[in-house]
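Pasting final.pdb here (PDB, C-alpha atoms and all ligand atoms):
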ATOM      1  CA  MET A   1      -0.215   0.430  27.494
ATOM      2  CA  LYS A   2      -0.528  -2.074  24.607
ATOM      3  CA  GLU A   3       1.114  -5.450  25.053
ATOM      4  CA  ALA A   4       4.096  -6.274  22.856
ATOM      5  CA  TYR A   5       3.356  -8.648  19.980
ATOM      6  CA  HIS A   6       5.790 -11.162  18.603
ATOM      7  CA  ALA A   7       5.403 -12.788  15.212
ATOM      8  CA  ASP A   8       5.737 -16.536  14.867
ATOM      9  CA  PRO A   9       8.821 -17.273  12.670
ATOM     10  CA  ALA A  10       6.779 -19.753  10.588
ATOM     11  CA  ALA A  11       4.174 -17.062   9.921
ATOM     12  CA  VAL A  12       6.930 -14.604   8.939
ATOM     13  CA  ALA A  13       8.387 -17.143   6.498
ATOM     14  CA  ALA A  14       4.928 -17.887   5.053
ATOM     15  CA  LEU A  15       4.121 -14.203   4.527
ATOM     16  CA  PHE A  16       7.540 -13.619   2.997
ATOM     17  CA  GLN A  17       6.900 -16.396   0.465
ATOM     18  CA  LYS A  18       3.439 -15.040  -0.318
ATOM     19  CA  LEU A  19       4.717 -11.494  -0.855
ATOM     20  CA  GLN A  20       7.495 -12.799  -3.060
ATOM     21  CA  ARG A  21       5.038 -14.782  -5.187
ATOM     22  CA  GLU A  22       2.650 -11.853  -5.516
ATOM     23  CA  ALA A  23       5.463  -9.419  -6.283
ATOM     24  CA  ALA A  24       6.853 -11.686  -9.017
ATOM     25  CA  ALA A  25       3.397 -12.199 -10.541
ATOM     26  CA  ALA A  26       2.714  -8.460 -10.704
ATOM     27  CA  GLY A  27       6.170  -7.306 -11.848
ATOM     28  CA  TYR A  28       7.392  -6.008  -8.485
ATOM     29  CA  HIS A  29      10.550  -6.986  -6.584
ATOM     30  CA  LEU A  30      11.250  -7.478  -2.902
ATOM     31  CA  ASN A  31      14.482  -6.182  -1.418
ATOM     32  CA  PRO A  32      17.143  -8.873  -2.013
ATOM     33  CA  ASP A  33      18.631  -8.269   1.461
ATOM     34  CA  GLN A  34      16.782 -11.174   3.029
ATOM     35  CA  GLU A  35      17.519 -10.338   6.670
ATOM     36  CA  PHE A  36      16.315  -6.770   6.203
ATOM     37  CA  THR A  37      13.251  -7.898   4.270
ATOM     38  CA  MET A  38      12.307 -10.541   6.836
ATOM     39  CA  ALA A  39      12.468  -7.877   9.560
ATOM     40  CA  LEU A  40      10.012  -5.737   7.579
ATOM     41  CA  VAL A  41       7.742  -8.718   6.952
ATOM     42  CA  GLU A  42       7.748  -9.418  10.676
ATOM     43  CA  GLY A  43       6.824  -5.769  11.242
ATOM     44  CA  LEU A  44       3.847  -6.211   8.917
ATOM     45  CA  LEU A  45       2.657  -9.213  10.896
ATOM     46  CA  VAL A  46       3.110  -7.437  14.219
ATOM     47  CA  ASN A  47       1.111  -4.494  12.873
ATOM     48  CA  SER A  48      -1.590  -6.853  11.597
ATOM     49  CA  GLU A  49      -2.082  -8.054  15.139
ATOM     50  CA  ARG A  50      -1.816  -4.596  16.609
ATOM     51  CA  TYR A  51      -4.001  -2.667  14.157
ATOM     52  CA  GLY A  52      -5.938  -5.384  12.335
ATOM     53  CA  ALA A  53      -4.139  -4.636   9.041
ATOM     54  CA  PRO A  54      -0.533  -4.838   7.798
ATOM     55  CA  VAL A  55       0.171  -1.163   8.331
ATOM     56  CA  CYS A  56       3.540   0.116   7.090
ATOM     57  CA  PRO A  57       6.260  -0.918   9.538
ATOM     58  CA  CYS A  58       8.202   2.331   9.038
ATOM     59  CA  ARG A  59       5.420   4.794   9.731
ATOM     60  CA  LEU A  60       3.467   5.819  12.797
ATOM     61  CA  ALA A  61      -0.121   4.525  12.658
ATOM     62  CA  SER A  62      -3.014   6.364  14.284
ATOM     63  CA  ASP A  63      -4.868   3.130  15.121
ATOM     64  CA  ILE A  64      -7.893   4.627  13.297
ATOM     65  CA  ALA A  65      -8.510   2.331  10.323
ATOM     66  CA  GLU A  66      -9.899   5.108   8.115
ATOM     67  CA  GLU A  67      -6.833   7.285   8.657
ATOM     68  CA  ASP A  68      -4.310   4.465   8.310
ATOM     69  CA  ARG A  69      -5.762   3.005   5.092
ATOM     70  CA  ASP A  70      -3.279   4.756   2.799
ATOM     71  CA  ILE A  71      -0.348   3.181   4.644
ATOM     72  CA  VAL A  72      -1.629  -0.394   4.680
ATOM     73  CA  CYS A  73       1.061  -2.296   2.780
ATOM     74  CA  PRO A  74       1.417  -1.924  -0.170
ATOM     75  CA  CYS A  75       0.818   1.745   0.607
ATOM     76  CA  ASP A  76      -0.605   4.346  -1.782
ATOM     77  CA  TYR A  77       2.914   5.761  -2.174
ATOM     78  CA  ARG A  78       4.802   2.605  -3.195
ATOM     79  CA  ASP A  79       4.574   2.990  -6.961
ATOM     80  CA  PRO A  80       5.485   6.683  -7.219
ATOM     81  CA  ASP A  81       8.408   6.065  -4.845
ATOM     82  CA  LEU A  82       9.547   3.093  -6.919
ATOM     83  CA  ASN A  83       9.379   5.247 -10.045
ATOM     84  CA  ASP A  84      11.187   8.216  -8.556
ATOM     85  CA  PHE A  85      13.668   6.616  -6.161
ATOM     86  CA  GLY A  86      13.873   2.901  -6.979
ATOM     87  CA  SER A  87      12.375   1.789  -3.687
ATOM     88  CA  CYS A  88       9.363   2.309  -1.461
ATOM     89  CA  PHE A  89       9.761   4.342   1.724
ATOM     90  CA  CYS A  90      10.653   1.235   3.780
ATOM     91  CA  ALA A  91      12.659  -0.340   0.930
ATOM     92  CA  LEU A  92      10.622  -3.537   1.112
ATOM     93  CA  TYR A  93       9.852  -3.104  -2.606
ATOM     94  CA  VAL A  94      12.699  -2.133  -4.880
ATOM     95  CA  SER A  95      13.420  -1.570  -8.557
ATOM     96  CA  GLU A  96      14.687  -4.371 -10.775
ATOM     97  CA  LYS A  97      18.136  -2.773 -10.748
ATOM     98  CA  ILE A  98      18.308  -2.895  -6.950
ATOM     99  CA  ALA A  99      16.820  -6.406  -6.906
ATOM    100  CA  ARG A 100      19.648  -7.510  -9.209
ATOM    101  CA  GLY A 101      22.232  -6.008  -6.857
ATOM    102  CA  GLU A 102      23.294  -3.311  -9.356
ATOM    103  CA  ALA A 103      22.292  -0.446  -7.043
ATOM    104  CA  LYS A 104      21.485   0.083  -3.377
ATOM    105  CA  PRO A 105      18.309   1.621  -1.940
ATOM    106  CA  HIS A 106      18.802   4.892  -0.085
ATOM    107  CA  SER A 107      16.652   6.722   2.415
ATOM    108  CA  ILE A 108      13.890   8.828   0.906
ATOM    109  CA  ARG A 109      11.549  11.512   2.168
ATOM    110  CA  ASP A 110       8.055  10.328   3.114
ATOM    111  CA  ARG A 111       5.674  11.665   0.430
ATOM    112  CA  ARG A 112       2.585  10.913   2.511
ATOM    113  CA  PRO A 113       0.547  14.135   2.809
ATOM    114  CA  ARG A 114      -0.156  15.626   6.230
ATOM    115  CA  LEU A 115      -3.324  14.494   8.014
ATOM    116  CA  GLU A 116      -5.228  17.712   7.187
ATOM    117  CA  GLU A 117      -4.399  17.342   3.488
ATOM    118  CA  ARG A 118      -5.473  13.705   3.491
ATOM    119  CA  ARG A 119      -8.751  14.617   5.183
ATOM    120  CA  ALA A 120      -9.399  17.405   2.675
ATOM    121  CA  SER A 121      -8.834  15.113  -0.313
ATOM    122  CA  ALA A 122     -11.031  12.373   1.215
ATOM    123  CA  LYS A 123     -13.765  14.980   1.655
ATOM    124  CA  ALA A 124     -13.433  16.135  -1.949
ATOM    125  CA  ALA A 125     -13.633  12.511  -3.167
ATOM    126  CA  ALA A 126     -16.758  11.919  -1.082
ATOM    127  CA  LEU A 127     -18.410  14.989  -2.628
ATOM    128  CA  ALA A 128     -17.916  13.605  -6.152
ATOM    129  CA  LYS A 129     -20.916  11.323  -5.866
ATOM    130  CA  GLU A 130     -22.578  11.308  -9.253
ATOM    131  CA  PRO A 131     -20.726  10.207 -12.420
ATOM    132  CA  PRO A 132     -20.809  12.691 -15.313
ATOM    133  CA  GLN A 133     -24.002  12.245 -17.375
ATOM    134  CA  SER A 134     -22.001  10.978 -20.343
ATOM    135  CA  LEU A 135     -20.618   8.012 -18.370
ATOM    136  CA  ARG A 136     -22.668   4.903 -17.915
ATOM    137  CA  TYR A 137     -20.701   3.796 -14.856
ATOM    138  CA  PRO A 138     -18.498   5.565 -12.339
ATOM    139  CA  VAL A 139     -14.767   5.092 -12.845
ATOM    140  CA  TRP A 140     -12.783   3.688  -9.919
ATOM    141  CA  ARG A 141      -9.058   4.092  -9.399
ATOM    142  CA  CYS A 142      -6.869   1.803  -7.302
ATOM    143  CA  ASN A 143      -4.900   4.082  -4.994
ATOM    144  CA  VAL A 144      -2.035   1.611  -4.845
ATOM    145  CA  CYS A 145      -1.225   0.948  -8.515
ATOM    146  CA  GLY A 146      -3.484   3.346 -10.439
ATOM    147  CA  TYR A 147      -5.578   0.628 -12.137
ATOM    148  CA  LEU A 148      -8.800   2.157 -13.521
ATOM    149  CA  CYS A 149     -12.097   0.428 -14.130
ATOM    150  CA  ALA A 150     -15.626   1.567 -14.980
ATOM    151  CA  ARG A 151     -18.316  -0.351 -13.094
ATOM    152  CA  GLU A 152     -20.987   0.114 -10.423
ATOM    153  CA  ASN A 153     -18.610  -0.696  -7.577
ATOM    154  CA  PRO A 154     -14.861  -1.263  -7.278
ATOM    155  CA  PRO A 155     -13.634  -4.857  -7.670
ATOM    156  CA  GLU A 156     -13.213  -6.919  -4.500
ATOM    157  CA  ILE A 157      -9.474  -7.246  -5.219
ATOM    158  CA  CYS A 158      -7.396  -5.164  -7.632
ATOM    159  CA  PRO A 159      -6.441  -7.480 -10.509
ATOM    160  CA  ILE A 160      -3.043  -5.802 -10.806
ATOM    161  CA  CYS A 161      -1.659  -5.224  -7.324
ATOM    162  CA  LYS A 162      -4.171  -7.279  -5.276
ATOM    163  CA  ALA A 163      -5.145  -4.357  -3.040
ATOM    164  CA  ARG A 164      -8.575  -4.729  -1.389
ATOM    165  CA  HIS A 165     -11.684  -2.903  -2.633
ATOM    166  CA  ASP A 166     -11.417  -0.283   0.104
ATOM    167  CA  ARG A 167      -8.215   1.006  -1.526
ATOM    168  CA  PHE A 168     -10.231   2.191  -4.559
ATOM    169  CA  GLU A 169     -11.386   5.764  -4.890
ATOM    170  CA  ARG A 170     -13.978   7.268  -7.165
ATOM    171  CA  PHE A 171     -12.041   8.819 -10.079
ATOM    172  CA  LEU A 172     -14.931  10.028 -12.279
TER     173      LEU A 172
HETATM  174  S1  LIG B   1       5.011  -0.520   0.276
HETATM  175 FE1  LIG B   1       6.872  -0.124   1.434
HETATM  176  S2  LIG B   1       6.589   1.929   2.251
HETATM  177 FE2  LIG B   1       4.618   1.200   1.580
HETATM  178  S3  LIG B   1       3.719   0.261   3.368
HETATM  179 FE3  LIG B   1       4.742  -1.354   2.292
HETATM  180  S4  LIG B   1       6.729  -1.472   3.213
HETATM  181 FE4  LIG B   1       5.905   0.517   3.814
END

How does this structure look as structure tokens?
Ligand code: SF4
Amino acid sequence: MKEAYHADPAAVAALFQKLQREAAAAGYHLNPDQEFTMALVEGLLVNSERYGAPVCPCRLASDIAEEDRDIVCPCDYRDPDLNDFGSCFCALYVSEKIARGEAKPHSIRDRRPRLEERRASAKAAALAKEPPQSLRYPVWRCNVCGYLCARENPPEICPICKARHDRFERFL
């Protein structure tokens, strides 16, 4: 059995500040319910210790990095959920309207595909090795925010949402 982890309150406060800064810089909003948000931030820290990455605090991780990558926060599903429902699955990130207190987040269905579907799409992406002849460079897509760039390799950090290079997928 794994030992229980506890996050240091100072580390929770520091991560909260960092997420708030990054969210503001990129046009995102954290949930204005500070107690709720701090609990989620603590969950991210606990998961960082447990899995080596800030895996989504509201989802069950497999503890296999490759299979949990899409739910490392911010997950691949944050932006479509924000667009469709005004909040991410955990409601850590919310729309401007909710951030201003003009609406409340509500529970939403998890849009994450089943494991078999995720494996099939990863396999299809791996098969698309060569860029079309007409393209000088392959095109990479950030799975978190959809940023596209054409270059030999994906950027180390997404310039828009700050996701790491391993969150990029070959698009063309
Ligand atoms: S963006 Fe929201 S739903 Fe996605 S991992 Fe982070 S807290 Fe969970």

Return as lines of an AutoDock Vina configuration file the box centre and box size in Å, one decimal, for an axis-aligned box around all listed atoms of ligand LIG 1 (chain B) padded by 8 Å per side.
center_x = 5.3
center_y = 0.2
center_z = 2.0
size_x = 19.2
size_y = 19.4
size_z = 19.5

Enumerate as a PDB file with C-alpha atoms, in the frame of the given file the residues within 9 Å of ligand LIG 1 (chain B), counting only C-alpha atoms and all ligand atoms.
ATOM      1  CA  LEU A  40      10.012  -5.737   7.579  1.00  0.00           C
ATOM      2  CA  VAL A  41       7.742  -8.718   6.952  1.00  0.00           C
ATOM      3  CA  LEU A  44       3.847  -6.211   8.917  1.00  0.00           C
ATOM      4  CA  PRO A  54      -0.533  -4.838   7.798  1.00  0.00           C
ATOM      5  CA  VAL A  55       0.171  -1.163   8.331  1.00  0.00           C
ATOM      6  CA  CYS A  56       3.540   0.116   7.090  1.00  0.00           C
ATOM      7  CA  PRO A  57       6.260  -0.918   9.538  1.00  0.00           C
ATOM      8  CA  CYS A  58       8.202   2.331   9.038  1.00  0.00           C
ATOM      9  CA  ARG A  59       5.420   4.794   9.731  1.00  0.00           C
ATOM     10  CA  ASP A  70      -3.279   4.756   2.799  1.00  0.00           C
ATOM     11  CA  ILE A  71      -0.348   3.181   4.644  1.00  0.00           C
ATOM     12  CA  VAL A  72      -1.629  -0.394   4.680  1.00  0.00           C
ATOM     13  CA  CYS A  73       1.061  -2.296   2.780  1.00  0.00           C
ATOM     14  CA  PRO A  74       1.417  -1.924  -0.170  1.00  0.00           C
ATOM     15  CA  CYS A  75       0.818   1.745   0.607  1.00  0.00           C
ATOM     16  CA  ASP A  76      -0.605   4.346  -1.782  1.00  0.00           C
ATOM     17  CA  TYR A  77       2.914   5.761  -2.174  1.00  0.00           C
ATOM     18  CA  ARG A  78       4.802   2.605  -3.195  1.00  0.00           C
ATOM     19  CA  ASP A  79       4.574   2.990  -6.961  1.00  0.00           C
ATOM     20  CA  ASP A  81       8.408   6.065  -4.845  1.00  0.00           C
ATOM     21  CA  SER A  87      12.375   1.789  -3.687  1.00  0.00           C
ATOM     22  CA  CYS A  88       9.363   2.309  -1.461  1.00  0.00           C
ATOM     23  CA  PHE A  89       9.761   4.342   1.724  1.00  0.00           C
ATOM     24  CA  CYS A  90      10.653   1.235   3.780  1.00  0.00           C
ATOM     25  CA  ALA A  91      12.659  -0.340   0.930  1.00  0.00           C
ATOM     26  CA  LEU A  92      10.622  -3.537   1.112  1.00  0.00           C
ATOM     27  CA  TYR A  93       9.852  -3.104  -2.606  1.00  0.00           C
ATOM     28  CA  VAL A  94      12.699  -2.133  -4.880  1.00  0.00           C
ATOM     29  CA  ASP A 110       8.055  10.328   3.114  1.00  0.00           C
ATOM     30  CA  VAL A 144      -2.035   1.611  -4.845  1.00  0.00           C
TER      31      VAL A 144
END

For Cys145 in chain A, which residue out of A:Gln133, A:Thr37, A:Ser62, A:Asn83 is the nearest one, using only C-alpha atoms?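 The closest residue to Cys145 in chain A is A:Asn83.
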
Can you tell me how far CA of Lys162 in chain A sits from CA of Lys18 in chain A, in Å to one decimal?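 We find that CA of Lys162 in chain A and CA of Lys18 in chain A lie 11.9 Å from each other.
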
Would you mind reading off the distance between CA of Tyr51 in chain A and CA of Ala65 in chain A, one decimal, in Å? 7.7 Å

Compare A:Glu117, A:Cys149, A:Phe85, A:Leu135 by their minimum atom-to-atom distance to Ala103 in chain A, counting only C-alpha atoms, and give me the closest one.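 Checking each of A:Glu117, A:Cys149, A:Phe85, A:Leu135 against Ala103 in chain A, counting only C-alpha atoms, the winner is A:Phe85.
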
For CA of Arg109 in chain A and CA of Leu60 in chain A, determine how far apart the two atoms are, in Å to one decimal place. 14.5 Å

Mind listing as number ranges by chain all residues within 12 Å of (-7.4, 3.7, -14.1), counting all atoms listed in the file? A: 138-151, 154, 158-160, 168-172

The selected residues should be written to file as an mmCIF file, in the coordinates of the input (atoms: C-alpha atoms).
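Generated output (result_29.cif):
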data_model
loop_
_atom_site.group_PDB
_atom_site.id
_atom_site.type_symbol
_atom_site.label_atom_id
_atom_site.label_comp_id
_atom_site.auth_asym_id
_atom_site.auth_seq_id
_atom_site.Cartn_x
_atom_site.Cartn_y
_atom_site.Cartn_z
ATOM 1 C CA PRO A 138 -18.498 5.565 -12.339
ATOM 2 C CA VAL A 139 -14.767 5.092 -12.845
ATOM 3 C CA TRP A 140 -12.783 3.688 -9.919
ATOM 4 C CA ARG A 141 -9.058 4.092 -9.399
ATOM 5 C CA CYS A 142 -6.869 1.803 -7.302
ATOM 6 C CA ASN A 143 -4.900 4.082 -4.994
ATOM 7 C CA VAL A 144 -2.035 1.611 -4.845
ATOM 8 C CA CYS A 145 -1.225 0.948 -8.515
ATOM 9 C CA GLY A 146 -3.484 3.346 -10.439
ATOM 10 C CA TYR A 147 -5.578 0.628 -12.137
ATOM 11 C CA LEU A 148 -8.800 2.157 -13.521
ATOM 12 C CA CYS A 149 -12.097 0.428 -14.130
ATOM 13 C CA ALA A 150 -15.626 1.567 -14.980
ATOM 14 C CA ARG A 151 -18.316 -0.351 -13.094
ATOM 15 C CA PRO A 154 -14.861 -1.263 -7.278
ATOM 16 C CA CYS A 158 -7.396 -5.164 -7.632
ATOM 17 C CA PRO A 159 -6.441 -7.480 -10.509
ATOM 18 C CA ILE A 160 -3.043 -5.802 -10.806
ATOM 19 C CA PHE A 168 -10.231 2.191 -4.559
ATOM 20 C CA GLU A 169 -11.386 5.764 -4.890
ATOM 21 C CA ARG A 170 -13.978 7.268 -7.165
ATOM 22 C CA PHE A 171 -12.041 8.819 -10.079
ATOM 23 C CA LEU A 172 -14.931 10.028 -12.279
#

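Distance annotation: of A:Arg69, A:Arg100, A:His29, A:Lys123, the residue with the minimal separation from His165 in chain A is A:Arg69; atom set is all atoms listed in the file.
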
Residue neighbourhood Leu45 in chain A, 9 Å, all atoms listed in the file, exclusion window fewer than 3 positions, as a list in words: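 Those residues are His6, Ala7, Asp8, Ala11, Val12, Leu15, Leu40, Val41, Glu42, Ser48, Glu49, Arg50, Ala53, Pro54 and Val55 of chain A.
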
Of the candidates A:Glu96, A:Asp84, A:Glu156, A:Asp166, which one gets nearest to Gly27 in chain A if we count only C-alpha atoms? A:Glu96

Looking at A:Leu127, A:Leu82, A:Ala163, A:Ala99, which one is nearest to Gln20 in chain A, with distances taken over only C-alpha atoms?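 Of the candidates, the smallest distance to Gln20 in chain A is held by A:Ala99.
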
Using the chain letters and residue numbers of this document, give as an MDAnalysis selection string the residues selected by the PyMOL selection byres (((chain A and resi 118) around 12) and not hetatm). chainID A and resid 66:71 76 111:117 119:125

For Ile98 in chain A, which of A:Pro155, A:Pro80, A:Asn31, A:Arg136 is the closest residue, counting all atoms listed in the file?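 Using all atoms listed in the file, Ile98 in chain A sits closest to A:Asn31.
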